[in-house]
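Novice: One file is attached below, target-v4.txt, containing compact mmCIF, C-alpha atoms.
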```
# COMPACT_ATOMS: atom_id res chain seq x y z
CA MET J 27 0.00 0.00 0.00
CA GLU J 28 2.82 2.41 0.81
CA LYS J 29 4.04 2.02 -2.76
CA PHE J 30 0.82 3.40 -4.17
CA LYS J 31 0.50 6.16 -1.57
CA THR J 32 3.89 7.33 -2.79
CA LYS J 33 2.76 7.21 -6.40
CA ILE J 34 -0.28 9.38 -5.68
CA ALA J 35 1.87 11.87 -3.82
CA ILE J 36 4.24 12.02 -6.76
CA VAL J 37 1.46 12.92 -9.18
CA SER J 38 0.41 15.81 -6.96
CA SER J 39 3.86 17.18 -6.25
CA LEU J 40 6.75 18.67 -8.15
CA THR J 41 8.49 15.35 -8.36
CA ALA J 42 5.71 14.39 -10.75
CA VAL J 43 8.22 15.10 -13.50
CA MET J 44 9.31 11.49 -13.05
CA ILE J 45 5.85 10.40 -14.22
CA LEU J 46 5.17 13.21 -16.66
CA ALA J 47 8.54 13.08 -18.39
CA GLY J 48 8.59 11.69 -21.89
CA THR J 49 5.95 12.05 -24.56
CA ALA J 50 2.82 13.44 -22.95
CA SER J 51 0.65 12.23 -25.82
CA ALA J 52 1.65 8.64 -25.04
CA TYR J 53 -1.05 8.54 -22.37
CA ALA J 54 -4.56 7.55 -23.42
CA ALA J 55 -7.48 9.88 -22.84
CA VAL J 56 -9.77 9.19 -19.90
CA PRO J 57 -13.23 8.00 -20.97
CA ALA J 58 -15.61 10.96 -20.84
CA ALA J 59 -17.78 11.19 -17.72
CA SER J 60 -21.03 13.06 -17.37
CA LYS J 61 -20.45 16.51 -15.94
CA GLY J 62 -20.94 16.63 -12.19
CA GLN J 63 -21.36 12.86 -11.86
CA ALA J 64 -19.13 10.73 -9.67
CA THR J 65 -17.30 8.22 -11.82
CA GLU J 66 -16.81 4.65 -10.67
CA ILE J 67 -13.49 3.07 -11.53
CA SER J 68 -13.42 -0.69 -11.68
CA ALA J 69 -10.84 -2.31 -9.44
CA GLY J 70 -8.18 -3.81 -11.67
CA ALA J 71 -6.80 -7.22 -10.75
CA LYS J 72 -3.18 -7.57 -9.72
CA ALA J 73 -1.05 -10.46 -10.84
CA ASP J 74 -2.02 -12.34 -7.67
CA LYS J 75 -5.70 -11.62 -8.44
CA LYS J 76 -6.18 -9.57 -5.28
CA THR J 77 -8.43 -6.52 -5.52
CA ALA J 78 -6.50 -3.35 -6.34
CA SER J 79 -6.24 -0.84 -3.50
CA PRO J 80 -7.95 2.58 -3.79
CA GLU J 81 -4.51 4.19 -4.14
CA GLU J 82 -3.62 1.89 -7.02
CA GLN J 83 -6.91 2.54 -8.76
CA VAL J 84 -6.44 6.31 -8.50
CA TYR J 85 -2.88 6.04 -9.77
CA ASN J 86 -3.97 3.94 -12.73
CA LEU J 87 -6.62 6.51 -13.61
CA VAL J 88 -4.18 9.42 -13.39
CA THR J 89 -1.73 7.77 -15.80
CA LYS J 90 -4.52 7.81 -18.41
CA LEU J 91 -5.25 11.52 -18.13
CA GLN J 92 -4.43 13.88 -20.97
CA PRO J 93 -2.21 16.93 -20.30
CA GLY J 94 -4.27 19.60 -18.56
CA GLU J 95 -6.79 17.14 -17.09
CA MET J 96 -7.42 16.76 -13.37
CA ILE J 97 -9.63 14.63 -11.15
CA ALA J 98 -11.01 15.20 -7.66
CA TYR J 99 -11.42 12.10 -5.54
CA TYR J 100 -12.47 11.08 -2.06
CA ILE J 101 -11.47 7.99 -0.08
CA PRO J 102 -13.84 7.50 2.90
CA ASP J 103 -11.41 5.19 4.72
CA LYS J 104 -9.70 7.46 7.26
CA LYS J 105 -6.89 4.95 7.68
CA ILE J 106 -5.88 5.90 4.15
CA ASN J 107 -7.24 9.46 3.91
CA LEU J 108 -5.96 10.72 7.25
CA THR J 109 -7.24 14.28 6.82
CA ASP J 110 -10.67 13.20 5.49
CA ARG J 111 -10.38 15.77 2.70
CA ILE J 112 -11.12 15.45 -0.97
CA LEU J 113 -7.92 15.14 -2.97
CA PHE J 114 -6.76 16.10 -6.44
CA SER J 115 -4.44 14.57 -9.01
CA GLY J 116 -3.77 15.74 -12.52
CA LYS J 117 -1.39 15.69 -15.44
CA GLY J 118 0.51 18.82 -16.33
CA TYR J 119 2.30 19.77 -19.53
CA VAL J 120 5.66 18.50 -20.78
CA LEU J 121 7.14 20.84 -23.40
CA THR J 122 10.38 20.20 -25.26
CA ASP J 123 10.31 23.57 -27.05
CA TYR J 124 11.51 26.33 -24.71
CA ASP J 125 9.49 29.10 -26.38
CA ALA J 126 6.35 26.98 -26.07
CA TYR J 127 7.17 26.42 -22.39
CA THR J 128 7.59 30.14 -21.62
CA ALA J 129 4.35 31.00 -23.45
CA LYS J 130 2.40 28.32 -21.59
CA ALA J 131 4.00 29.30 -18.27
CA ALA J 132 2.89 32.91 -18.74
CA GLN J 133 -0.62 31.79 -19.69
CA MET J 134 -0.86 29.61 -16.56
CA ASN J 135 0.64 32.19 -14.19
CA ALA J 136 3.40 29.75 -13.25
CA PRO J 137 6.05 30.68 -10.67
CA SER J 138 9.01 32.41 -12.29
CA LEU J 139 11.41 29.84 -13.74
CA GLU J 140 13.32 30.66 -16.91
CA ILE J 141 16.71 29.75 -18.32
CA PRO J 142 19.11 32.17 -16.61
CA GLU J 143 21.33 34.20 -18.95
CA THR J 144 24.53 32.95 -17.30
CA TYR J 145 23.54 29.28 -17.00
CA PRO J 146 26.28 26.69 -17.73
CA LYS J 147 26.37 26.58 -21.53
CA ASP J 148 27.78 23.05 -21.56
CA TYR J 149 24.27 21.90 -20.60
CA LYS J 150 21.45 21.59 -23.13
CA PHE J 151 17.77 22.27 -22.46
CA LYS J 152 15.75 19.03 -22.46
CA SER J 153 12.21 19.90 -21.33
CA GLY J 154 9.96 22.15 -19.29
CA VAL J 155 7.09 20.90 -17.15
CA LEU J 156 4.10 22.81 -15.77
CA TYR J 157 2.09 21.34 -12.88
CA LEU J 158 -1.62 21.95 -12.46
CA LYS J 159 -2.85 24.06 -9.56
CA GLU J 160 -5.55 22.53 -7.38
CA PRO J 161 -8.72 24.48 -6.53
CA ASP J 162 -8.33 26.40 -3.28
CA GLU J 163 -10.35 25.07 -0.35
CA SER J 164 -12.13 28.41 -0.01
CA SER J 165 -13.25 28.42 -3.67
CA GLU J 166 -16.78 27.65 -4.84
CA LEU J 167 -15.41 24.94 -7.14
CA TYR J 168 -13.77 23.11 -4.25
CA LYS J 169 -16.94 23.33 -2.15
CA LYS J 170 -19.03 22.04 -5.05
CA LEU J 171 -16.75 19.05 -5.67
CA ASP J 172 -16.52 18.32 -1.95
CA LYS J 173 -20.32 18.28 -1.63
CA GLN J 174 -20.80 16.04 -4.67
CA LEU J 175 -18.16 13.50 -3.64
CA ARG J 176 -19.37 13.23 -0.05
CA ALA J 177 -22.96 12.84 -1.24
CA GLU J 178 -21.91 9.89 -3.39
CA ALA J 179 -19.83 8.43 -0.56
CA ALA J 180 -22.82 8.63 1.79
CA LYS J 181 -24.58 6.08 -0.42
CA GLY J 182 -21.78 3.63 0.34
CA GLY J 183 -20.68 0.56 -1.57
CA LYS J 184 -17.40 1.82 -3.02
CA GLU J 185 -13.84 2.29 -1.81
CA PHE J 186 -13.42 5.68 -3.43
CA TYR J 187 -15.24 8.21 -5.60
CA THR J 188 -13.99 10.55 -8.31
CA ILE J 189 -15.18 13.45 -10.47
CA PRO J 190 -13.37 15.07 -13.41
CA VAL J 191 -12.47 18.70 -12.67
CA GLU J 192 -13.83 20.28 -15.84
CA ASP J 193 -13.54 23.93 -14.82
CA GLY J 194 -10.20 23.98 -13.02
CA THR J 195 -8.06 26.96 -12.09
CA GLY J 196 -6.17 26.92 -15.40
CA GLU J 197 -3.09 27.92 -13.44
CA ALA J 198 0.19 26.22 -12.58
CA SER J 199 1.28 25.42 -9.04
CA GLY J 200 4.85 24.80 -10.11
CA ALA J 201 7.30 24.48 -12.97
CA ALA J 202 10.42 22.49 -13.81
CA LEU J 203 13.26 22.82 -16.31
CA THR J 204 15.56 19.90 -17.08
CA PHE J 205 19.04 20.17 -18.63
CA VAL J 206 21.45 17.45 -19.75
CA LYS J 207 25.19 17.15 -20.30
CA GLY J 208 26.15 13.68 -21.45
CA SER J 209 24.79 11.30 -18.81
CA VAL J 210 24.30 14.07 -16.23
CA GLU J 211 20.81 15.49 -15.78
CA ILE J 212 19.96 18.56 -13.70
CA SER J 213 16.40 19.61 -12.91
CA LEU J 214 15.31 23.03 -11.66
CA TYR J 215 11.98 23.32 -9.81
CA ALA J 216 9.91 26.28 -8.68
CA SER J 217 6.64 26.25 -6.75
CA HIS J 218 4.40 28.87 -5.21
CA VAL J 219 4.76 29.01 -1.43
CA LYS J 220 1.50 28.13 0.28
CA PRO J 221 0.67 27.76 3.98
CA PRO J 222 0.50 24.17 5.29
CA LYS J 223 -2.94 22.66 5.77
CA PRO J 224 -3.95 22.19 9.41
CA MET J 225 -4.05 18.61 10.67
CA GLU J 226 -5.81 17.11 13.65
CA GLY J 227 -3.67 15.88 16.51
CA THR J 228 0.04 16.51 16.93
CA PRO J 229 1.88 16.67 13.60
CA VAL J 230 4.97 14.49 13.32
CA PRO J 231 7.56 16.08 11.01
CA PHE J 232 9.10 13.81 8.40
CA SER J 233 12.75 13.08 8.98
CA ASN J 234 15.31 10.91 7.23
CA PRO J 235 18.08 9.75 9.58
CA ASP J 236 20.38 9.16 6.60
CA GLU J 237 19.90 12.69 5.29
CA LYS J 238 22.78 15.16 5.55
CA THR J 239 22.40 18.90 5.09
CA GLU J 240 24.82 21.73 4.44
CA THR J 241 23.89 25.40 4.71
CA MET J 242 25.46 27.97 2.40
CA VAL J 243 24.80 31.54 1.30
CA ILE J 244 24.58 32.43 -2.40
CA GLY J 245 23.96 36.03 -3.42
CA GLY J 246 22.85 36.84 0.11
CA ILE J 247 20.24 34.05 0.15
CA LYS J 248 20.43 31.12 2.56
CA CYS J 249 20.42 27.79 0.71
CA THR J 250 20.40 24.21 1.96
CA TYR J 251 22.21 21.40 0.15
CA THR J 252 20.79 17.97 1.05
CA THR J 253 22.12 14.50 0.31
CA ALA J 254 20.74 11.07 1.17
CA PRO J 255 21.42 7.51 -0.03
CA LYS J 256 19.37 6.43 -3.08
CA LEU J 257 17.97 9.96 -3.52
CA LYS J 258 19.08 12.77 -5.79
CA SER J 259 20.98 15.52 -4.02
CA ARG J 260 19.21 18.87 -3.98
CA LEU J 261 19.84 22.53 -3.28
CA SER J 262 16.82 24.44 -1.95
CA TRP J 263 15.98 28.05 -1.14
CA THR J 264 13.14 30.59 -1.06
CA ASP J 265 13.27 33.80 -3.10
CA THR J 266 13.64 37.21 -1.46
CA SER J 267 9.89 37.89 -1.67
CA GLY J 268 9.14 34.67 0.23
CA SER J 269 6.62 33.65 -2.44
CA VAL J 270 8.49 31.02 -4.48
CA ASN J 271 10.42 27.92 -3.38
CA TYR J 272 13.27 26.73 -5.60
CA SER J 273 15.14 23.43 -5.75
CA ILE J 274 17.81 21.98 -8.03
CA PHE J 275 18.19 18.19 -8.22
CA ALA J 276 21.08 16.14 -9.61
CA ASP J 277 23.18 13.04 -8.96
CA ASN J 278 26.85 13.63 -8.12
CA ALA J 279 26.99 17.07 -9.73
CA LYS J 280 27.27 19.48 -6.81
CA ALA J 281 29.61 21.89 -8.59
CA ASP J 282 27.23 22.21 -11.54
CA VAL J 283 24.20 22.54 -9.24
CA LEU J 284 25.93 25.51 -7.60
CA ARG J 285 26.69 27.01 -11.02
CA PHE J 286 22.99 26.90 -11.91
CA ALA J 287 22.01 28.30 -8.51
CA LYS J 288 24.38 31.24 -8.85
CA ALA J 289 23.04 31.94 -12.34
CA ILE J 290 19.51 32.14 -10.91
CA ILE J 291 20.14 33.88 -7.58
CA GLU J 292 22.94 36.38 -8.16
CA PRO J 293 21.19 38.45 -10.88
CA GLU J 294 18.12 38.68 -8.59
CA ALA J 295 20.27 39.88 -5.69
CA LYS J 296 21.76 42.79 -7.67
```
Now that the file is in, can you turn its structure into structure tokens?
Specialist:
Amino acid sequence: MEKFKTKIAIVSSLTAVMILAGTASAYAAVPAASKGQATEISAGAKADKKTASPEEQVYNLVTKLQPGEMIAYYIPDKKINLTDRILFSGKGYVLTDYDAYTAKAAQMNAPSLEIPETYPKDYKFKSGVLYLKEPDESSELYKKLDKQLRAEAAKGGKEFYTIPVEDGTGEASGAALTFVKGSVEISLYASHVKPPKPMEGTPVPFSNPDEKTETMVIGGIKCTYTTAPKLKSRLSWTDTSGSVNYSIFADNAKADVLRFAKAIIEPEAK
């Protein structure tokens, strides 16, 4: 089950580039559902013929979405859905043409992430990704979807319920740019800063005992470089306005990560 919880989280977060990367059109379209109707998804059978978990069913549905499509879903089981909220997953846009990426980013009000003028020229642009923004909990759209999903769940009989989000925000919650040099790949991420959602009980912060961090200052901005076994190293910081979080990911390329960071941060600090 943990495997599929991770997959759902990936779709909803910036690390979704691992799923979205490649040819976006390779994914099949989701069968059309009647507007405003909860859509039942049949539980696919695993190799051992056990019923697929709700997380697996949601993940399988998301992989079939077209770029720009999003679903809202609700899992009544509080052992799985700890916050008892409706959730969202969607497929953003993967663009291999940089001009197309910048145009789409502007259209979707994405957080600022462009190729810096002084970026390491030995790296080549590979792709840009734009991630879909979820409806805000205070919005009428969120309240409408929440009401519809809970009404369906009240009837019982299913493990989870889903509705296509047909009138979404049209905006991007985050963006990513990937560059390559031979076998080395570096990915830059930017996401709008948003306050954490309140949780019942005492929150337990996530910690990785194998994680090592190093603090450094670049262009007057405090940055944190993090390494951990089996994970890509990353450099993270927040811009001077406090509105955008940035991260740069790469394997065994710290010097180049710092070159990219300086190219992004130092012009802003002037």
Novice: Determine the nearest neighbour of Glu292 in chain J from the options J:Ser209, J:Thr266, J:Thr241, J:Ser199, counting all atoms listed in the file.
Specialist: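 That would be J:Thr266, the residue with the smallest distance to Glu292 in chain J.
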Novice: Please provide as an MDAnalysis selection string all residues within 12 Å of range 121-134 of chain J, with the sequence filter that same-chain residues fewer than 5 positions apart are discarded (counting only C-alpha atoms).
Specialist: chainID J and resid 43 46:51 93:94 139:141 150:159 194:205 216
Novice: Could you list, as a list in words, every residue within 10 Å of Asp148 in chain J, counting only C-alpha atoms and ignoring same-chain residues fewer than 5 positions away?
Specialist: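 With the cut-off at 10 Å, the set is Phe205, Val206, Lys207 and Gly208 of chain J.
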Novice: Measuring between only C-alpha atoms, which one of J:Asn86, J:Glu211, J:Ala281, J:Glu240 shows the shortest distance to Tyr149 in chain J?
Specialist: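 Of J:Asn86, J:Glu211, J:Ala281, J:Glu240, the one nearest Tyr149 in chain J, counting only C-alpha atoms, is J:Glu211.
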Novice: Kindly indicate which residue among J:Thr89, J:Val191, J:Leu113, J:Lys104 lies nearest to Leu167 in chain J, using all atoms listed in the file for the distances.
Specialist: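 Of all the options, J:Val191 lies closest to Leu167 in chain J.
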Novice: Which polymer residues, whether protein, DNA or RNA, lie within 6 Å of the coordinate (19.7, 19.4, 3.0) when you count only C-alpha atoms? List them as an mmCIF file with C-alpha atoms, keeping the file's coordinate frame, using the chain letters and numbers from the file.
Specialist:
```cif
data_model
loop_
_atom_site.group_PDB
_atom_site.id
_atom_site.type_symbol
_atom_site.label_atom_id
_atom_site.label_comp_id
_atom_site.auth_asym_id
_atom_site.auth_seq_id
_atom_site.Cartn_x
_atom_site.Cartn_y
_atom_site.Cartn_z
ATOM 1 C CA LYS J 238 22.780 15.160 5.550
ATOM 2 C CA THR J 239 22.400 18.900 5.090
ATOM 3 C CA GLU J 240 24.820 21.730 4.440
ATOM 4 C CA THR J 250 20.400 24.210 1.960
ATOM 5 C CA TYR J 251 22.210 21.400 0.150
ATOM 6 C CA THR J 252 20.790 17.970 1.050
#
```
Novice: Please measure the separation of CA of Leu284 in chain J and CA of Gly268 in chain J, giving the value in Å to one decimal.
Specialist: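 That distance, rounded to one decimal, is 20.7 Å.
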Novice: Using all atoms listed in the file, what residues lie at most 6 Å away from (-4.4, 9.5, -6.5) (file coordinates), given as a list in words?
Specialist: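 Within the cut-off we find Ile34, Glu81, Val84, Tyr85 and Ser115 of chain J.
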Novice: So, with all atoms listed in the file as the atoms that count, which of J:Ser262, J:Ile112, J:Phe286, J:Val270 lies closest to Glu163 in chain J?
Specialist: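 Closest to Glu163 in chain J of all the choices is J:Ile112.
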Novice: Which residues are near Ile212 in chain J? Cut-off 8 Å, only C-alpha atoms, ignore same chain within fewer than 2 positions. Put them as a count of residues only.
Specialist: 10
